[in-house]
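Chemist: Please read through the structure below; I'll follow up with questions.
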Amino acid sequence: MSDQPLRAPRHAGRPARLPMAGRAGLAILAVMALAAPAVFGESGIGSVVRILVTSRSYDYYAPWQSNGSRKDEITGCVLPDQRILTVAYPLRNHTMVQVTKNGQSRQTSAEVVLKDYSSNLAILKVKDPSFFADLAEVQLERPGWKNGRCTIVGWDRSGVPREYSAERLYTDVNLYYSHGVAVRHRMSTDLDRGGYGEPVLKGGKLVGIVDGMDREEKSVDVIAVDSIHRMLGDLADGRYDGQPFFSPDAAPLGGDENLRRWLGLADGEGGLFVADVPTRLQQEGGLRPGDVILQVDGHPIDDEGMYDSPAYGKLDYRALVGLQRRVGDTVSLYVLREGKRITVGVHLQPIGEDLFLVNPLPTDLPPRYLVWGGLLFTELTYEYLETWGDDWKGKADERLVWYWNRELYPTETRRRIVLLVQVFATEENVGYHAFRNAVVATCNGQPVRDLAHLKQLLADGRDHPPYGSLRFEDGRSIVLERAAAEAAGKKAVETYGVRRLTNLP
Amino acid sequence: MKIGHLATPPGAGRPAALAVMLATVLTLAGCLTSETPTSGGGSPAAIRAATVKLTCVQQNPSYYHPWSEQDPETSTGSGVVVRGGLILTNAHVVAHSRYLTVRFETDPGEYEAEVVFISHQCDLALVKVAGDSPADRVRPITISDRLPALGSTVATYGYPHGGDSVSVTKGVVSRIEYSTYSHSGNSFLLVQTDAAINPGNSGGPVVQGSAVVGIAFQVDRAAENMGFLIPAPVIGHFLADVRDGRCDGFPELGVAWQSLENPDHRRSLRMKDGESGVLVTHSYPLCSAGGLLIPGDVILTVDGAEVSGDASIPLQGLRVPFSYLIDSRQVGEQVKIGVLRGGERMTVTVPLKREDNRIPWSNLYDSQPRFLVYGGLIFQPLSLDYMEIWENWPVEAELLLRHYFINAESDGMHPQRKEFVVINRVLSDSSNSYLGEVEDRVVDTIDGRPITSLQDAADALAAASGEWVVITTDYGDKPIVLKTSEMAEANRRIMEAYDLPQLERLQ
């Protein structure tokens with residue numbers, strides 16, 4: 001699992017799935033300790049720091065234990081107020097973060113103060129103020145920067161900061177799995193290592209940070225300064241809300257003239273056909289399936305789902321909400337509904353795991369699990385699907401991918417998909433040993449809402465024979481009486497080293 | 001293992017088409033020619049004389065271009081003369097035959113032949129040479145009525161890699177089990193041998209003493225020396241089936257079940273100590289047991305034979321799945337199923353039918369794909385043949401189709417649908433050029449009318465009278481809207497541009 005992509009782009013078709021630099025990188029760093037004094041100047045090269053991340057990974061088949069740790073090196077840059085800016089995904093499940101500068105080997109502890117996976121941005125702080133003594137702070141360029149040539153500060157072979165040239169090719173909106181958005185520049189560059197968090201500078205000002213690299217194409221994706229401004233603005237009041245969630249299941253009309261006429265659109269009017277509305281966006285007076293979104297906050301939306309941004313030209317409509325609106329705002333939508341043009345409002349909530357049936361966001365926590373009768377249960381998450389490797393969409397059970405792909409939303413009776421992951425085989429649970437990744441439908445006749453609910457239902461069944469009776473979505477069932485379930489649970493601990501039967505409260 | 005026939009075994013995880021990927025049928029593609037002469041009785045010489053070489057030009061249907069056929073391919077296989085001048089071979093040797101010839105080792109001629117009976121399910125066929133046939137002068141070989149003993153020696157006769165004289169290889173019976181016949185995807189009894197079996201051996205007799213104990217038919221490419229034969233009981237079923245002049249095939253109970261090996265599980269179903277059986281998890285409505293057995297039933301016995309908790313029954317010192325008791329019967333017969341339902345013991349009589357599912361899980365043969373082209377949209381029913389448009393469908397096929405194909409039956413999705421109608425893709429035309437990419441979408445409604453079959457789609461489209469035809473699809477992003485008045489002309493244009501001989505084949 002060490003070659004996992006660190007980012008989670010929503011459209012996985014893109015390449016840029018590069019493994020992180022590993023131990024070899026660290027060795028090189030040690031060798032170059034003698035070299036290179038800090039270089040200061042207009043370039044901003046003096047603001048760059050190296051970030052050494054130690055993180056653990058979890059074993060979904062034995063979730064009470066960590067699956068070992070890994071070390072990665074990424075890059076950050078110093079913003080005003082001694083804040084270090086970098087990308088969030090490589091900090092997943094971090095246990096220790098250290099920073100070095102100017103090619104020196106001395107490591108200084110850093111603290112992660114913000115990790116926003118929906119924007120893929122993170123802020124670190126270093127307690128020791130002397131760390132910043134010979135570092136320059138980099139100022140942010142204004143939003144909407146789009147001039148051609150700029151510089152990426154990365155590292156050379158021996159670990160010394162060095163400037164690489166870069167040129168913006170185009171700008172679009174990156175949609176993350178989390179439904180977060182970022183304004184993204186695609187740039188051609190001669191940067192050939194790293195690809196995580198390197199600052200992109202123009203005239204000494206920060207215009208973005210690198211968020212993925214495609215070695216073959218010699219290009220990088222850069223999170224534009226617009227997204228960084230949004231994050232810092234959000235943080236300004238000391239409370240971070242994150243991006244608002246606004247992701248209706250809407251398809252651009254794509255210039256389909258027949259569809260446009262059938263819907264009753266006027267010439268020159270464009271829009272998005274709303275096929276479905278997620279639970280959390282279903283609000284009184286809000287959006288409805290079948291609506292055509294014509295304008296978002298007064299900006300006309302074209303048939304490709306784009307609005308005209310003053311700086312970048314055509315951008316995906318979601319940037320209007322993700323970047324320009326805050327949690328708690330009400331976004332105004334001008335829609336065509338049953339032949340009438342009306343304005344509706346959608347109250348915005350933060351992107352959080354409760355919005356989704358299958359959580360797309362990293363949690364930085366061990367997977368929730370429950371062992372009962374030697375049966376290991378967990379909740380389906382993006383991180384679990386990822387354990388199938390890069391081809392998880394083909395390799396994982398199609399039923400599980402289906403839940404992911406349809407982006408189904410929680411309901412009253414189902415907040416999470418509960419899975420029987422595997423069975424620790426004992427004499428008591430004989431007959432069930434071959435169960436794998438089975439989706440639990442009911443327990444003791446009740447629909448299972450989430451793992452905590454399953455735990456509760458099993459506890460309630462304790463004194464009501466047969467104790468535990470589970471039904472799965474494919475029609476199969478499992479029944480264990482109290483004596484057998486307890487004996488098998490005991491053996492799971494004694495024989496299989498299950499340290500705790502659950503990590504639920 | 002392919003998807004569950006009779007049942008999806010518990011814990012099988014995803015029923016992937018492993019057998020199809022691993023096992024290869026043994027027809028030798030790419031034709032060869034030549035000759036030789038003679039005949040006898042049950043002696044090795046007699047068996048040689050009765051072992052023939054078949055050369056078949058086959059033309060398979062195309063599910064991607066459902067109105068056309070694939071390029072003809074020539075392949076060779078083997079066969080054996082049985083009673084009445086008939087030649088027994090594999091169905092896959094003669095499937096979709098356009099031109100079929102037979103050669104005898106001891107006769108210089110090449111004789112045109114025709115398929116008399118074919119059962120794709122069990123991969124067997126009977127072929128007859130037209131007119132005066134050397135087969136009539138060959139002493140037919142007897143077919144055994146038993147399974148060969150494990151470890152006993154068998155000899156395989158046939159024409160591996162073409163060739164014009166019979167090749168004989170010896171081996172032992174390595175294993176007898178119930179597994180997938182890759183030609184159909186159905187599971188029946190089969191015998192594994194280490195005798196060398198190669199492409200071209202397909203359809204050739206496997207002999208013990210003077211009788212045929214099996215017909216060589218497939219190998220496991222991923223393993224060494226694992227060849228398979230269709231054993232005598234399956235051949236016997238086929239021959240008995242066609243005796244009335246019609247091939248009805250093998251019946252299928254049509255339930256998904258789960259083993260009952262856990263005592264707590266059995267107790268919860270109110271089974272007595274010492275009682276065994278399997279739990280019905282789903283009953284496919286169109287199959288034999290549809291409406292007769294219901295989820296939650298425990299199948300205790302089949303025609304009086306006790307079904308074990310692992311779903312097996314004893315057979316000649318082996319244990320085989322209880323489905324053997326079903327598929328050793330003929331279509332039209334009845335079985336008595338001893339059932340425990342809600343604590344009550346009862347006997348349910350099930351008249352046996354062939355497998356029939358809303359989404360066919362077996363390859364269909366001897367029929368051309370059903371389709372409908374309207375405004376360039378190609379409508380087809382979802383089936384295994386459709387899934388096999390993808391080289392490795394369990395991984396590559398469109399997720400929605402995989403999900404439906406594997407789970408729609410067991411989950412009872414869209415119970416009102418008689419089949420799932422897929423829009424394969426769009427043949428571009430000026431009338432549909434706005435549509436963009438429409439591929440592998442499952443039709444939900446046409447003009448507001450729920451679509452439950454290909455015929456439904458045809459009827460709804462034929463009835464379209466408004467300004468627009470509006471097609472919605474499952475989890476589709478936006479409706480497909482076509483201008484009704486343009487359709488007649490568009491259909492004509494599309495037929496011409498894409499060389500369509502017809503716009504529909506509904507039956």
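Identifiers in the structure tokens: chain A, B, ... in order shown; residue index from 1 per chain; ligand index from 1 in order shown.
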Would you give me, as CSV, each residue of chain A having an atom within 6 Å of an atom of chain B, along with its shortest atom pair and that distance in Å to one decimal, using only C-alpha atoms and sorting by chain and residue number?
Modeler:
residue,atom,partner,partner_atom,distance
A:Ala251,CA,B:Asp477,CA,5.7
A:Asp256,CA,B:Tyr434,CA,4.5
A:Asn258,CA,B:Val481,CA,5.8
A:Leu259,CA,B:Val481,CA,5.4
A:Ala275,CA,B:Asp477,CA,5.7
A:Gly394,CA,B:Val395,CA,4.4
A:Glu398,CA,B:His403,CA,6.0
A:Val430,CA,B:Asn262,CA,5.5
A:Gly431,CA,B:Glu261,CA,4.6
A:Ala434,CA,B:Gly11,CA,4.5
A:Phe435,CA,B:Gly11,CA,4.7
A:Asp474,CA,B:Ser410,CA,5.8
A:Gly475,CA,B:Thr281,CA,5.0
A:Arg476,CA,B:Thr281,CA,5.8
A:Val479,CA,B:His265,CA,4.9
A:Leu480,CA,B:Asp264,CA,5.5
Chemist: Write out as a ChimeraX atom specification each polymer residue whose atoms come within 12 Å of Asp364 (chain A), counting only C-alpha atoms; drop sequence neighbours fewer than 3 positions from it.
Modeler: /A:55-58,88-95,115-117,361,367-368,383
Chemist: Find the residues near region 228-242 of chain B: any atom within 9 Å, counting only C-alpha atoms, skip ones fewer than 5 places away on the same chain, and give them as a count of residues only.
Modeler: 43
Chemist: Select from region 81-143 of chain A everything DSSP, run on the backbone, classes as strand (DSSP E or B), then give the selection as JSON, numbers by chain.
Modeler: {"A": [83, 84, 85, 86, 94, 95, 96, 97, 98, 99, 100, 101, 108, 109, 110, 111, 112, 113, 114, 115, 116, 121, 122, 123, 124, 125, 139, 140]}
Chemist: Between B:Val116, B:Arg358, B:Arg139, B:Ala463, single out the one closest to Arg246 (chain B), counting only C-alpha atoms.
Modeler: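 Once distances to Arg246 (chain B) are computed over only C-alpha atoms, the minimum belongs to B:Val116.
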Chemist: Near Gln422 (chain A), counting only C-alpha atoms, which residues have an atom at most 10 Å away, once you skip same-chain residues fewer than 4 positions from it, shown as a ChimeraX atom specification?
Modeler: /A:61-62,371,374-378,432-438
Chemist: Please provide the set of residues having any atom within 8 Å of Gln368 (chain B), restricted to only C-alpha atoms, with same-chain residues fewer than 3 positions apart removed, written as a ChimeraX atom specification.
Modeler: /B:61,66,365
Chemist: Quick check, in Å to one decimal: how far apart do CA of Val401 (chain A) and CA of Leu380 (chain A) lie?
Modeler: 9.9 Å
Chemist: Taking 3 positions as the minimum chain separation for residues in the same chain, which residues sit within 8 Å of Leu461 (chain B) when counting only C-alpha atoms? Answer as a PyMOL selection string.
Modeler: chain B and resi 374+446+457-458+464+469
Chemist: Let's have the selection written as a short mmCIF file (atom, residue, chain, number, x, y, z; two decimals), in the first residue's frame, with N, CA, C and O atoms.
Modeler:
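Now in out-v4.cif:
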data_model
loop_
_atom_site.label_atom_id
_atom_site.label_comp_id
_atom_site.auth_asym_id
_atom_site.auth_seq_id
_atom_site.Cartn_x
_atom_site.Cartn_y
_atom_site.Cartn_z
N TYR B 374 -33.35 2.72 -32.82
CA TYR B 374 -34.32 3.80 -32.99
C TYR B 374 -33.57 5.11 -32.87
O TYR B 374 -32.93 5.37 -31.84
N ILE B 446 -39.91 5.41 -21.26
CA ILE B 446 -39.99 6.08 -22.55
C ILE B 446 -41.33 6.81 -22.58
O ILE B 446 -42.38 6.17 -22.36
N ALA B 457 -40.16 -1.40 -25.06
CA ALA B 457 -39.45 -0.26 -25.64
C ALA B 457 -39.91 -0.07 -27.08
O ALA B 457 -40.19 1.05 -27.51
N ALA B 458 -40.02 -1.18 -27.82
CA ALA B 458 -40.45 -1.09 -29.22
C ALA B 458 -41.86 -0.51 -29.30
O ALA B 458 -42.14 0.37 -30.11
N ALA B 464 -44.95 6.60 -30.11
CA ALA B 464 -44.59 8.00 -29.86
C ALA B 464 -45.34 8.92 -30.82
O ALA B 464 -45.29 8.73 -32.03
N VAL B 469 -39.72 12.47 -28.18
CA VAL B 469 -39.63 11.17 -27.51
C VAL B 469 -38.66 11.38 -26.35
O VAL B 469 -37.53 11.81 -26.58
#
Chemist: Taking the chain letters and numbering used in this document, name the residues of region 131-354 of chain B that DSSP puts in alpha helix (DSSP H), as a list in words.
Modeler: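 Listing alpha helix (DSSP H) positions across region 131-354 of chain B yields Ala232, Pro233, Val234, Ile235, Gly236, His237, Phe238, Leu239, Ala240, Asp241, Val242, Pro263, Asp264, His265, Arg266, Arg267, Ser268, Tyr324, Leu325, Ile326 and Asp327 of chain B.
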Chemist: Within 10 Å of Ser62 (chain B), counting only C-alpha atoms, which residues show up once you throw out same-chain ones fewer than 6 positions away? Write them as a list in words, please.
Modeler: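 Residues meeting the cut-off are Ser68, Glu69, Gln70, Asp71, Gln368, Pro369, Asp385, Tyr386 and Ile389 of chain B.
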Chemist: Print the selection's residues with C-alpha atoms to a file, as a PDB file, in the first residue's frame.
Modeler:
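And here is the file that came out, part11.pdb:
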ATOM      1  CA  SER B  68     -24.438  -8.520 -38.036  1.00  0.00           C
ATOM      2  CA  GLU B  69     -22.353 -11.609 -37.512  1.00  0.00           C
ATOM      3  CA  GLN B  70     -18.692 -12.036 -36.853  1.00  0.00           C
ATOM      4  CA  ASP B  71     -16.322 -13.198 -39.579  1.00  0.00           C
ATOM      5  CA  GLN B 368     -29.364 -14.077 -32.978  1.00  0.00           C
ATOM      6  CA  PRO B 369     -29.147 -11.186 -30.537  1.00  0.00           C
ATOM      7  CA  ASP B 385     -23.570 -12.427 -23.890  1.00  0.00           C
ATOM      8  CA  TYR B 386     -23.933  -8.682 -23.595  1.00  0.00           C
ATOM      9  CA  ILE B 389     -18.676  -7.701 -25.051  1.00  0.00           C
TER      10      ILE B 389
END
Chemist: Which distance in Å separates CA of Val438 (chain B) and CA of Tyr498 (chain B), to one decimal?
Modeler: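 CA of Tyr498 (chain B) lies 17.8 Å from CA of Val438 (chain B).
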